[in-house]
Amino acid sequence: MSNIAIITARGGSKRIPRKVIRPFLGKPIMLYSIETALQSGLFDEVMVSTEDDEIAELAQRHGASVPFRRSAKTADDFATTADVLNEVITAYEQRGQTFTNACCLYPTAPFVTPALLRQAFDRLQTGGFDCVFPIQCFSFPVQRAVTFTDDRLTWLQPEHALTRSQDLQPAYHDAGQFYFFNVAAFRQKGRLLTDNTSGLVISEMQAQDIDNEEDWQVAEFKYQLLSL
């Protein structure tokens, strides 16, 4: 059995330019993911998928490998995570290297710890799952969401308009941190979320989407609180 960590770090972020190498509390944010993967002890290879020379140089200087550059096709705004992963796995296969499991770790996920990666890998193995990733519970019941129709609010699920919150089934969302998956299952099914996927429930404080300046500030604040 062999494992690879794939850190997806393209250089063309539009909303926060050069996001993956921007200092997060004094350190380029991508380095948190590289260090976490290396410290977990789970991986035979920790690589960074990028098309950017500066990102590649920084990654290699801090212990990750960059054996090839990401193609223009997977470096634009329209490429999916699955597209990038397929490209990486194929490129390694062409070099005669195959892996049993892979972990797609985002470069803007400083909250991920080696312990959380090990917990995900253990669940992947013991449960025989295709994929395991962190999830968070919605803070408000999604069954009682409302929407605008002709400038008027309407229930998305009218049957739950009067249902007590505690009587509604909890709903979860992808925490956007990493995906630990079986490579053969991914190649066969072509996606990460299958009918044989499991999740690790993490708290609201253990992750933060970082898509704009406000998100960045909230993430730094959360991270500092967790470090106290």
# chains A, B, ... in the order shown; residues from 1 in each chain; ligands from 1
>>> residues_around(residues="Thr147 (chain A)", least_positions_apart="5", cutoff="12 Å", atoms="only C-alpha atoms", output="list in words")
Val142, Arg152, Leu153, Thr154, Trp155, Leu156, Gln157 and Pro158 of chain A
>>> residues_around(residues="Met205 (chain A)", least_positions_apart="5", cutoff="9 Å", atoms="only C-alpha atoms", output="list in words")
Phe111, Ala219, Lys222, Tyr223, Leu225 and Leu226 of chain A
>>> closest_residue(among="A:Asp215, A:Glu35, A:Asp151, A:Asp174", to="Val201 (chain A)", atoms="only C-alpha atoms")
A:Asp174
>>> residues_around(residues="region 116-130 of chain A", least_positions_apart="6", cutoff="8 Å", atoms="only C-alpha atoms", output="list of chain:residue names")
A:Ala37, A:Ser40, A:Leu42, A:Phe180, A:Phe181, A:Asn182, A:Ala185, A:Phe186, A:Leu192, A:Thr194, A:Asn196, A:Thr197, A:Ser198, A:Leu200
>>> select_by_dssp(residues="chain A", states="strand (DSSP E)", output="MDAnalysis selection string")
chainID A and resid 3:8 23:24 27:28 45:49 101:105 131:137 146:149 152:155 172:174 178:182 197:201
>>> closest_residue(among="A:Tyr172, A:Val20, A:Leu38, A:Arg10", to="Ala115 (chain A)", atoms="only C-alpha atoms")
A:Leu38
>>> residues_around(residues="Ala175 (chain A)", least_positions_apart="4", cutoff="10 Å", atoms="only C-alpha atoms", output="PyMOL selection string")
chain A and resi 109+133-137+199-204+206-209
>>> residues_around(residues="Ile7 (chain A)", least_positions_apart="4", cutoff="6 Å", atoms="only C-alpha atoms", output="VMD selection string")
chain A and resid 48 104 to 107
>>> write_last_selection(atoms="all heavy atoms", output="compact mmCIF listing (two decimals), in the first residue's frame")
# COMPACT_ATOMS: atom_id res chain seq x y z
N VAL A 48 2.95 18.93 -4.88
CA VAL A 48 2.14 20.12 -5.15
C VAL A 48 1.86 20.18 -6.64
O VAL A 48 2.79 20.10 -7.46
CB VAL A 48 2.84 21.40 -4.68
CG1 VAL A 48 2.11 22.64 -5.18
CG2 VAL A 48 2.92 21.42 -3.15
N CYS A 104 -6.31 14.57 -1.46
CA CYS A 104 -6.33 15.90 -2.07
C CYS A 104 -6.46 16.91 -0.94
O CYS A 104 -7.51 17.01 -0.29
CB CYS A 104 -7.50 16.02 -3.03
SG CYS A 104 -7.73 17.69 -3.66
N LEU A 105 -5.39 17.62 -0.68
CA LEU A 105 -5.34 18.58 0.44
C LEU A 105 -5.26 19.98 -0.14
O LEU A 105 -4.35 20.30 -0.91
CB LEU A 105 -4.13 18.28 1.32
CG LEU A 105 -3.85 19.18 2.52
CD1 LEU A 105 -5.04 19.23 3.46
CD2 LEU A 105 -2.62 18.67 3.26
N TYR A 106 -6.22 20.82 0.21
CA TYR A 106 -6.23 22.17 -0.34
C TYR A 106 -5.12 23.02 0.27
O TYR A 106 -4.77 22.85 1.45
CB TYR A 106 -7.59 22.82 -0.13
CG TYR A 106 -8.66 22.26 -1.04
CD1 TYR A 106 -9.90 21.89 -0.54
CD2 TYR A 106 -8.43 22.09 -2.40
CE1 TYR A 106 -10.89 21.37 -1.37
CE2 TYR A 106 -9.40 21.57 -3.24
CZ TYR A 106 -10.63 21.22 -2.72
OH TYR A 106 -11.59 20.70 -3.55
N PRO A 107 -4.56 23.95 -0.50
CA PRO A 107 -3.44 24.76 -0.01
C PRO A 107 -3.85 25.89 0.92
O PRO A 107 -3.01 26.55 1.51
CB PRO A 107 -2.83 25.32 -1.30
CG PRO A 107 -3.99 25.44 -2.22
CD PRO A 107 -4.87 24.26 -1.91
>>> residues_around(residues="region 64-80 of chain A", least_positions_apart="3", cutoff="9 Å", atoms="only C-alpha atoms", output="MDAnalysis selection string")
chainID A and resid 10:14 34:35 38 45:53 56:61 83:85 87:88 91:92
>>> residues_around(residues="Asn212 (chain A)", least_positions_apart="2", cutoff="8 Å", atoms="only C-alpha atoms", output="PyMOL selection string")
chain A and resi 15-16+210+214-216
>>> atom_distance(atom1="CA of Leu25 (chain A)", atom2="CA of His62 (chain A)")
17.5 Å
>>> closest_residue(among="A:Pro110, A:Pro17, A:Pro28, A:Arg95", to="Gln224 (chain A)", atoms="only C-alpha atoms")
A:Pro110
>>> closest_residue(among="A:Leu31, A:Ala171, A:Ala145, A:Leu228", to="Glu159 (chain A)", atoms="only C-alpha atoms")
A:Ala145
>>> select_by_dssp(residues="region 14-111 of chain A", states="helix (DSSP H, G or I)", output="VMD selection string")
chain A and resid 19 to 21 29 to 40 53 to 61 72 to 74 81 to 94
>>> atom_distance(atom1="CA of Phe99 (chain A)", atom2="CA of Asn3 (chain A)")
5.6 Å
>>> closest_residue(among="A:Ile55, A:Cys131, A:Val218, A:Leu162", to="Ala102 (chain A)", atoms="only C-alpha atoms")
A:Cys131
>>> atom_distance(atom1="CA of Ile4 (chain A)", atom2="CA of Met30 (chain A)")
16.8 Å
